[in-house]
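Structure file upload.txt with compact mmCIF, C-alpha atoms:
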# COMPACT_ATOMS: atom_id res chain seq x y z
CA MET Z 213 143.00 14.77 109.80
CA SER Z 214 144.13 15.23 106.18
CA GLN Z 215 146.13 18.21 104.98
CA PRO Z 216 144.26 20.92 103.14
CA ASP Z 217 144.81 21.18 99.45
CA LEU Z 218 147.93 23.41 99.37
CA SER Z 219 147.14 24.33 95.83
CA ASP Z 220 144.70 26.73 97.48
CA LEU Z 221 145.77 30.34 97.43
CA SER Z 222 146.99 31.89 100.66
CA LEU Z 223 146.10 35.47 101.52
CA ALA Z 224 149.75 36.37 100.95
CA GLN Z 225 149.72 34.88 97.45
CA ILE Z 226 146.48 36.62 96.55
CA LYS Z 227 147.87 39.97 97.63
CA LEU Z 228 150.99 39.38 95.54
CA ILE Z 229 149.00 38.56 92.40
CA CYS Z 230 146.54 41.41 92.94
CA ARG Z 231 148.98 44.11 93.95
CA PHE Z 232 149.33 46.02 90.72
CA ASN Z 233 146.14 45.24 88.89
CA PRO Z 234 143.39 47.81 89.53
CA ARG Z 235 140.58 45.34 88.81
CA VAL Z 236 141.57 42.85 91.52
CA LYS Z 237 143.62 45.09 93.84
CA ASN Z 238 140.73 45.29 96.30
CA MET Z 239 139.32 41.82 95.69
CA LEU Z 240 139.88 40.71 99.29
CA SER Z 241 138.43 43.90 100.76
CA ARG Z 242 135.33 43.53 98.60
CA GLU Z 243 134.93 39.89 99.57
CA LEU Z 244 135.34 40.53 103.28
CA VAL Z 245 132.73 43.27 103.53
CA ASP Z 246 130.07 42.19 106.01
CA ASN Z 247 128.24 45.37 106.96
CA TYR Z 248 126.60 48.16 105.01
CA SER Z 249 129.00 50.87 106.08
CA ASP Z 250 132.01 48.88 104.80
CA PHE Z 251 130.12 48.01 101.60
CA VAL Z 252 129.50 51.69 100.88
CA ALA Z 253 133.07 52.71 101.74
CA GLN Z 254 134.49 50.07 99.38
CA LEU Z 255 131.93 50.90 96.69
CA TYR Z 256 133.02 54.55 96.74
CA LEU Z 257 136.64 53.51 96.24
CA ASP Z 258 135.57 51.36 93.30
CA ILE Z 259 133.31 54.03 91.79
CA ASP Z 260 136.17 56.52 92.07
CA GLN Z 261 138.49 54.13 90.22
CA SER Z 262 135.89 53.74 87.44
CA ILE Z 263 135.55 57.50 87.20
CA ILE Z 264 139.32 57.94 86.89
CA LYS Z 265 139.27 55.65 83.84
CA ILE Z 266 136.50 57.72 82.24
CA GLU Z 267 138.33 60.97 83.04
CA ASP Z 268 141.57 59.61 81.58
CA GLY Z 269 139.72 59.16 78.28
CA ARG Z 270 137.66 62.37 78.52
CA HIS Z 271 138.86 63.55 75.11
CA LEU Z 272 136.81 60.65 73.71
CA GLN Z 273 133.76 61.43 75.86
CA GLN Z 274 132.95 64.91 74.59
CA ASP Z 275 129.81 63.73 72.79
CA SER Z 276 128.75 61.23 75.46
CA GLY Z 277 125.37 61.64 77.11
CA GLU Z 278 124.37 60.72 80.66
CA ASP Z 279 123.31 57.20 79.73
CA LEU Z 280 126.51 56.30 77.91
CA LEU Z 281 128.68 57.67 80.71
CA THR Z 282 126.69 55.86 83.40
CA VAL Z 283 126.72 52.57 81.51
CA GLN Z 284 130.52 52.71 81.52
CA ILE Z 285 130.55 52.95 85.32
CA VAL Z 286 128.02 50.12 85.52
CA ASN Z 287 130.11 47.87 83.27
CA MET Z 288 133.29 48.46 85.26
CA LEU Z 289 131.53 47.69 88.55
CA ASN Z 290 130.05 44.48 87.16
CA LEU Z 291 133.45 43.18 86.11
CA ILE Z 292 134.72 43.42 89.68
CA GLY Z 293 131.87 41.49 91.26
CA TYR Z 294 129.05 43.96 91.89
CA ASN Z 295 125.59 43.56 90.47
CA ALA Z 296 125.22 46.99 88.92
CA SER Z 297 122.61 48.13 86.46
CA HIS Z 298 121.48 51.21 84.60
CA ASP Z 299 117.84 52.21 84.34
CA LYS Z 300 116.63 49.48 86.71
CA GLU Z 301 113.07 49.69 87.96
CA LYS Z 302 112.99 50.73 91.64
CA GLY Z 303 110.02 53.04 92.01
CA GLY Z 304 111.00 54.37 88.59
CA HIS Z 305 114.04 54.03 86.35
CA VAL Z 306 117.11 54.57 88.50
CA ASP Z 307 120.26 55.64 86.70
CA LEU Z 308 122.59 53.51 88.80
CA VAL Z 309 121.68 50.59 91.06
CA VAL Z 310 124.44 48.67 92.80
CA GLU Z 311 123.62 45.54 94.76
CA LYS Z 312 125.79 43.12 96.66
CA ASP Z 313 124.11 40.42 98.71
CA GLU Z 314 121.63 42.26 100.95
CA PHE Z 315 123.13 45.75 100.36
CA THR Z 316 121.79 48.33 97.91
CA TRP Z 317 123.08 51.71 96.76
CA LEU Z 318 121.21 53.97 94.34
CA GLY Z 319 122.65 56.75 92.24
CA GLU Z 320 121.28 59.49 90.05
CA ALA Z 321 123.49 60.84 87.28
CA LYS Z 322 123.22 64.32 85.80
CA ILE Z 323 125.22 66.41 83.36
CA PHE Z 324 125.82 69.84 84.90
CA GLY Z 325 124.08 72.21 82.50
CA GLY Z 326 124.95 75.57 83.99
CA THR Z 327 122.45 75.77 86.86
CA ASN Z 328 121.81 73.81 90.03
CA THR Z 329 118.12 73.22 89.37
CA TYR Z 330 118.76 70.13 87.20
CA LEU Z 331 121.02 68.66 89.90
CA TRP Z 332 118.31 69.40 92.45
CA GLU Z 333 115.85 67.41 90.32
CA GLY Z 334 118.27 64.50 90.58
CA ILE Z 335 118.25 64.74 94.38
CA LEU Z 336 114.44 64.85 94.42
CA GLN Z 337 114.24 61.81 92.14
CA LEU Z 338 116.74 59.91 94.25
CA THR Z 339 115.33 60.71 97.66
CA THR Z 340 111.59 61.06 97.08
CA ARG Z 341 110.98 58.62 94.20
CA TYR Z 342 113.58 55.83 94.35
CA ALA Z 343 115.20 55.55 97.76
CA THR Z 344 113.30 54.34 100.78
CA GLY Z 345 116.20 54.92 103.14
CA ARG Z 346 115.66 51.55 104.81
CA PRO Z 347 118.57 49.84 106.57
CA ASN Z 348 121.17 48.45 104.17
CA ALA Z 349 119.94 50.91 101.56
CA ASN Z 350 120.30 54.28 103.28
CA CYS Z 351 123.16 55.65 101.22
CA GLY Z 352 123.05 56.92 97.67
CA GLY Z 353 124.81 59.21 95.29
CA LEU Z 354 124.53 62.00 92.79
CA VAL Z 355 127.05 61.60 89.97
CA VAL Z 356 127.67 64.98 88.35
CA TYR Z 357 129.18 64.94 84.88
CA ILE Z 358 131.02 68.24 84.41
CA PHE Z 359 132.08 69.29 80.92
CA ASP Z 360 132.65 72.91 82.04
CA GLU Z 361 135.94 74.10 83.47
CA ASP Z 362 136.52 74.74 87.18
CA ALA Z 363 134.71 71.76 88.67
CA LYS Z 364 135.60 72.98 92.17
CA SER Z 365 133.54 76.15 91.82
CA ILE Z 366 130.65 74.18 90.38
CA MET Z 367 130.67 71.67 93.24
CA ASP Z 368 131.16 74.37 95.92
CA ASN Z 369 128.26 76.31 94.47
CA TRP Z 370 126.12 73.18 94.38
CA ALA Z 371 127.01 72.34 98.00
CA THR Z 372 125.90 75.81 99.10
CA TYR Z 373 122.69 75.56 97.05
CA ILE Z 374 121.64 72.23 98.52
CA SER Z 375 122.54 73.23 102.09
CA ASN Z 376 120.10 76.16 101.79
CA LYS Z 377 117.20 73.98 100.67
CA GLU Z 378 114.54 73.89 103.37
CA ASP Z 379 113.01 70.73 101.89
CA LEU Z 380 115.81 68.64 103.41
CA GLU Z 381 115.03 68.05 107.07
CA ASP Z 382 117.88 67.76 109.61
CA TYR Z 383 120.40 68.60 106.88
CA LYS Z 384 124.12 68.12 107.55
CA GLY Z 385 126.85 68.66 104.98
CA SER Z 386 130.36 67.28 105.25
CA LYS Z 387 133.54 67.08 103.20
CA CYS Z 388 134.64 63.87 101.54
CA PRO Z 389 137.98 62.74 103.00
CA LYS Z 390 138.94 60.88 99.79
CA ASN Z 391 138.14 63.53 97.17
CA PRO Z 392 138.27 67.30 97.81
CA LEU Z 393 135.74 67.90 95.02
CA ALA Z 394 133.14 65.49 96.40
CA PHE Z 395 130.99 66.04 99.48
CA PHE Z 396 128.29 64.38 101.55
CA SER Z 397 124.75 65.42 102.46
CA GLN Z 398 122.83 63.77 105.26
CA PHE Z 399 119.15 64.39 105.88
CA LYS Z 400 115.94 62.68 106.91
CA ASN Z 401 114.46 60.46 104.21
CA LYS Z 402 110.74 61.20 103.92
CA VAL Z 403 109.77 57.58 103.19
CA SER Z 404 111.45 55.81 106.10
CA GLY Z 405 112.05 58.76 108.41
CA LEU Z 406 115.61 57.46 108.77
CA GLU Z 407 118.80 59.33 107.96
CA TYR Z 408 119.83 59.15 104.31
CA LYS Z 409 123.38 59.99 103.19
CA VAL Z 410 124.18 61.13 99.67
CA ARG Z 411 127.67 61.41 98.21
CA HIS Z 412 127.95 64.02 95.50
CA ILE Z 413 130.54 62.73 93.03
CA PRO Z 414 131.95 64.89 90.21
CA VAL Z 415 133.26 63.42 86.97
CA LEU Z 416 135.71 65.83 85.33
CA LEU Z 417 135.16 65.90 81.58
CA HIS Z 418 136.33 69.36 80.57
CA PHE Z 419 138.68 69.08 77.60
CA ASN Z 420 140.02 72.17 75.89
CA PRO Z 421 143.76 71.70 75.28
CA GLN Z 422 145.69 74.90 74.71
CA ASP Z 423 148.84 73.39 73.25
CA LYS Z 424 149.66 73.83 69.53
CA SER Z 425 147.60 70.95 68.17
CA GLY Z 426 144.72 71.85 70.49
CA ARG Z 427 144.70 75.42 69.19
CA ARG Z 428 144.91 74.16 65.60
CA ARG Z 429 141.92 71.88 66.15
CA ASN Z 430 139.93 74.73 67.68
CA LYS Z 431 140.58 76.87 64.60
CA THR Z 432 139.20 74.25 62.20
CA LYS Z 433 135.93 73.83 64.19
CA MET A 207 119.41 31.75 86.23
CA ASN A 208 120.30 28.80 84.08
CA LEU A 209 123.65 28.21 82.41
CA ASP A 210 122.62 29.62 79.03
CA GLU A 211 121.42 32.84 80.65
CA LEU A 212 124.65 33.14 82.60
CA LEU A 213 126.80 32.51 79.52
CA GLU A 214 124.92 35.27 77.73
CA ILE A 215 125.53 37.68 80.61
CA ILE A 216 129.23 36.77 80.59
CA ARG A 217 129.35 37.29 76.82
CA GLU A 218 127.86 40.76 77.24
CA ASP A 219 129.87 41.85 80.28
CA TRP A 220 133.25 40.71 78.95
CA LYS A 221 132.69 41.50 75.27
CA ASP A 222 135.79 43.68 75.15
CA PHE A 223 137.93 41.04 76.86
CA PRO A 224 137.75 37.78 74.90
CA VAL A 225 140.24 35.85 77.06
CA HIS A 226 138.38 36.71 80.28
CA LYS A 227 135.11 35.82 78.58
CA SER A 228 136.40 32.35 77.65
CA VAL A 229 137.79 31.74 81.10
CA CYS A 230 134.55 32.78 82.83
CA GLN A 231 132.48 30.68 80.48
CA ALA A 232 134.69 27.61 80.89
CA ILE A 233 134.67 27.81 84.69
CA SER A 234 130.90 28.45 84.82
CA THR A 235 130.11 25.54 82.52
CA TYR A 236 132.25 23.20 84.56
CA ILE A 237 130.73 24.32 87.88
CA TYR A 238 127.16 24.07 86.59
CA ASN A 239 127.75 20.56 85.21
CA ASN A 240 129.64 19.19 88.21
CA SER A 241 128.25 21.06 91.22
CA HIS A 242 126.98 17.87 92.87
CA LYS A 243 130.55 16.58 93.33
CA LEU A 244 132.37 19.81 94.14
CA ASN A 245 132.84 20.77 97.79
CA HIS A 246 136.36 22.19 97.77
CA ILE A 247 137.60 23.85 94.59
CA SER A 248 141.18 25.07 94.73
CA PHE A 249 142.76 27.73 92.58
CA ALA A 250 145.10 25.11 91.12
CA SER A 251 142.22 22.84 90.14
CA ILE A 252 140.67 25.72 88.22
CA LYS A 253 143.98 26.21 86.38
CA VAL A 254 144.04 22.52 85.47
CA LEU A 255 140.45 22.67 84.27
CA LEU A 256 141.29 25.59 81.97
CA GLU A 257 144.39 23.86 80.62
CA GLU A 258 142.29 20.84 79.74
CA ASP A 259 139.46 22.85 78.20
CA PRO A 260 139.43 22.05 74.45
CA ILE A 261 138.07 25.51 73.53
CA ASN A 262 140.69 27.40 75.48
CA ASP A 263 143.97 27.09 73.60
CA ASN A 264 145.90 29.76 75.53
CA PRO A 265 147.01 29.14 79.08
CA SER A 266 145.61 31.93 81.25
CA SER A 267 147.62 33.90 83.73
CA ASP A 268 146.95 33.68 87.45
CA LEU A 269 145.75 37.26 87.28
CA ILE A 270 143.13 36.57 84.63
CA ILE A 271 141.91 33.52 86.54
CA LEU A 272 141.63 35.58 89.71
CA GLU A 273 139.68 38.26 87.84
CA ALA A 274 137.33 35.57 86.59
CA ILE A 275 136.90 34.16 90.09
CA GLN A 276 136.21 37.65 91.45
CA TYR A 277 133.51 38.11 88.84
CA LEU A 278 131.99 34.65 89.26
CA SER A 279 131.84 34.97 93.05
CA GLY A 280 130.16 38.35 92.78
CA SER A 281 126.49 39.15 93.07
CA ARG A 282 125.88 39.33 89.34
CA ALA A 283 127.12 35.92 88.20
CA ASN A 284 126.75 34.23 91.61
CA VAL A 285 128.40 30.96 90.58
CA LEU A 286 130.98 30.56 93.34
CA ASP A 287 131.12 31.25 97.06
CA ILE A 288 134.52 32.05 98.51
CA LYS A 289 135.60 30.23 101.67
CA PHE A 290 138.57 30.53 103.98
CA GLU A 291 140.47 28.05 106.13
CA PHE A 292 143.45 28.24 108.43
CA TYR A 293 146.16 25.56 108.41
CA ASP A 294 148.41 25.35 111.49
CA GLY A 295 150.73 22.65 110.13
CA ASN A 296 148.64 19.82 111.49
CA ASP A 297 144.97 20.56 111.07
CA PHE A 298 142.80 22.94 109.15
CA TYR A 299 140.02 25.08 110.53
CA GLN A 300 137.16 26.73 108.68
CA LEU A 301 137.04 30.47 109.18
CA ASP A 302 134.18 32.91 108.87
CA LYS A 303 134.69 35.92 106.67
CA LYS A 304 134.39 37.98 109.81
CA ASP A 305 137.47 36.29 111.30
CA VAL A 306 139.49 36.95 108.18
CA ALA A 307 138.27 40.54 107.96
CA GLU A 308 139.30 41.14 111.56
CA ALA A 309 142.72 39.63 110.95
CA GLU A 310 143.20 41.86 107.92
CA ASN A 311 142.07 44.96 109.79
CA THR A 312 143.99 44.40 113.02
CA LYS A 313 146.97 42.57 111.43
CA GLU A 314 146.55 39.99 114.18
CA PHE A 315 145.18 36.47 114.04
CA PHE A 316 144.75 34.06 116.91
CA HIS A 317 144.61 30.28 116.68
CA PRO A 318 140.93 29.32 116.86
CA ILE A 319 141.59 26.61 119.47
CA ASN A 320 144.61 27.52 121.59
CA GLY A 321 144.40 31.29 121.17
CA ASN A 322 148.08 31.69 120.19
CA ASN A 323 148.99 34.74 118.13
CA ILE A 324 149.87 33.52 114.62
CA GLU A 325 152.51 35.86 113.26
CA ASP A 326 152.59 34.94 109.58
CA PHE A 327 148.87 34.30 109.29
CA SER A 328 148.72 35.61 105.69
CA GLU A 329 150.61 32.52 104.60
CA LYS A 330 148.44 30.16 106.61
CA ILE A 331 144.97 31.33 105.73
CA PHE A 332 143.82 29.93 102.41
CA MET A 333 141.03 30.77 100.02
CA TYR A 334 139.04 28.11 98.23
CA PHE A 335 135.71 27.98 96.42
CA VAL A 336 132.46 26.07 96.39
CA PRO A 337 129.43 26.25 94.09
CA SER A 338 127.33 29.14 95.40
CA LYS A 339 124.19 28.62 97.48
CA HIS A 340 122.34 30.50 94.76
CA LEU A 341 123.58 28.07 92.10
CA ILE A 342 122.72 25.01 94.15
CA SER A 343 119.16 26.19 94.75
CA THR A 344 118.77 27.12 91.05
CA LEU A 345 119.82 23.63 90.02
CA HIS A 346 117.51 22.04 92.61
CA GLU A 347 114.56 24.04 91.34
CA SER A 348 115.18 23.03 87.76
CA ALA A 349 115.74 19.33 88.60

Could I get this file's structure written as structure tokens?
Amino acid sequence: MSQPDLSDLSLAQIKLICRFNPRVKNMLSRELVDNYSDFVAQLYLDIDQSIIKIEDGRHLQQDSGEDLLTVQIVNMLNLIGYNASHDKEKGGHVDLVVEKDEFTWLGEAKIFGGTNTYLWEGILQLTTRYATGRPNANCGGLVVYIFDEDAKSIMDNWATYISNKEDLEDYKGSKCPKNPLAFFSQFKNKVSGLEYKVRHIPVLLHFNPQDKSGRRRNKTK
Amino acid sequence: MNLDELLEIIREDWKDFPVHKSVCQAISTYIYNNSHKLNHISFASIKVLLEEDPINDNPSSDLIILEAIQYLSGSRANVLDIKFEFYDGNDFYQLDKKDVAEAENTKEFFHPINGNNIEDFSEKIFMYFVPSKHLISTLHESA
């Protein structure tokens, strides 16, 4: 039997090349996903990395709307091997659709505007219009763009609001182990009757620097 | 999708990264035009292909090539499928992704035939590429 082509990459070599580059760091993990639960877990890590990049440049995002912010997440996910799209038709125009092989994840994106009612509309759109909650598609997300300060209070308030909604049957809330500002909601999806799990994901965009040049800029506004 | 459609998607996705764009386009074009004779594409052969590409006048780093492969084996471009094989010094054995995933998760890998625990399995499991099933069926349909 002939030798394999040793100009192939070994797992050890791949890990060495990928170690410090955020775009390929999890390339192997993404490739080796073979069930929906692992797909979603990896996707959340990747979405969180995309969000960090947006937050790092939040001073440049102060005039960005929902669409522009969401398109940035979509673009970053596409470059690392997902099939992500914005405004794709799935029972309506879904803000964020992520597909990989037979797995699907849907997301609604909202700018927090001071009250929870707009966020609640996002949940209704996600869970009663777009998501069927069928197997391999029974997780989704609400991405909350927060330009206000104190994102923790906003998310805590929102978590309380949604947990008190009687429309969500068999509701269970839980903390997110990766991000203290995010949380999960699980409830019965009305279309499939199966459990649907939503991750509520904040994007921190508040920018009001109080150092000297920040104060100077505020004076000239 | 046909090659022109794919090249357009690559152009759009990588518009802020011209080197990556060129690398993805060069690999895609080669795979589309030679899929019928490709059944084991190594990382090194992709490097050679890029070095010989007349449009690409800058050698690309391993990292950029790996980023391109990650993108091209993903669900959006769907040009390559990633495969794994284990080499025990004498023979090679095809592995399912599930086997590799389990080895990565448990940090243990057992020889597929004799069941021996392979201690340095990371250095003996190799990744290679083939034209994707999606690509093959696209080319069949358009033939």

Exercise. Would you give me, as a PyMOL selection string, the residues of chain A that come within 6 Å of chain Z, using only C-alpha atoms?
Key: chain A and resi 248-250+276-277+280-282+303+307+328-329+331-334

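From CA of Ala349 (chain Z) back to CA of Thr316 (chain Z), the distance works out to 4.8 Å.
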
Quiz item: From the list Z:Asn350, Z:Tyr373, Z:Tyr256, Z:Val356, which residue is nearest Pro389 (chain Z) when using only C-alpha atoms?
Solution: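 Closest to Pro389 (chain Z), using only C-alpha atoms: Z:Tyr256.
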
Self-check item: Separation of CA of Leu416 (chain Z) from CA of Asp379 (chain Z) in Å
Solution: 28.5 Å

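Considering all atoms listed in the file, the residue among A:Tyr238, A:Phe335, A:Phe298, A:Phe327 positioned nearest to Lys313 (chain A) is A:Phe327.
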
Quiz prompt | Separation of CA of Ala394 (chain Z) from CA of Gln274 (chain Z) in Å | solution = 21.8 Å

Exercise. Considering all atoms listed in the file, return as a PyMOL selection string whatever protein or nucleic-acid residues lie within 9 Å of Val415 (chain Z), sequence-local ones (same chain, fewer than 4 positions apart) excluded.
Key: chain Z and resi 263-264+266-267+355-359+363

Selection export as an mmCIF file, keeping the file's coordinate frame, atoms kept: C-alpha atoms:
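File produced: result20.cif:
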data_model
loop_
_atom_site.group_PDB
_atom_site.id
_atom_site.type_symbol
_atom_site.label_atom_id
_atom_site.label_comp_id
_atom_site.auth_asym_id
_atom_site.auth_seq_id
_atom_site.Cartn_x
_atom_site.Cartn_y
_atom_site.Cartn_z
ATOM 1 C CA ILE Z 263 135.550 57.500 87.200
ATOM 2 C CA ILE Z 264 139.320 57.940 86.890
ATOM 3 C CA ILE Z 266 136.500 57.720 82.240
ATOM 4 C CA GLU Z 267 138.330 60.970 83.040
ATOM 5 C CA VAL Z 355 127.050 61.600 89.970
ATOM 6 C CA VAL Z 356 127.670 64.980 88.350
ATOM 7 C CA TYR Z 357 129.180 64.940 84.880
ATOM 8 C CA ILE Z 358 131.020 68.240 84.410
ATOM 9 C CA PHE Z 359 132.080 69.290 80.920
ATOM 10 C CA ALA Z 363 134.710 71.760 88.670
#

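Closest approach to Leu244 (chain A) among A:Asp210, A:Asp297, A:Asp302, A:Asp287 is made by A:Asp287 (distances from all atoms listed in the file).
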
Self-check item: Proximity to Thr339 (chain Z) - best of Z:Arg429, Z:Arg231, Z:Lys400, Z:His412, only C-alpha atoms
Solution: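 Looking only at the distances to Thr339 (chain Z), the closest residue turns out to be Z:Lys400.
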
Self-check item: Counting all atoms listed in the file, the residue of Z:Asn328, Z:Asn420, Z:Thr344, Z:Gln398 that sits nearest Glu361 (chain Z)
Solution: Z:Asn420

Practice problem: Select, from A:Val336, A:Ile271, A:Leu212, A:Ala232, the residue with the minimum atom-to-atom distance to Leu286 (chain A), counting all atoms listed in the file. | Solution: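 Among A:Val336, A:Ile271, A:Leu212, A:Ala232, it is A:Val336 that comes nearest to Leu286 (chain A).
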
Practice problem: Extract, using only C-alpha atoms, all DNA, RNA and protein residues at most 12 Å from Pro421 (chain Z), discarding same-chain residues fewer than 6 positions from it, and format them as a VMD selection string. | Solution: chain Z and resid 270 to 271 361 427 to 430
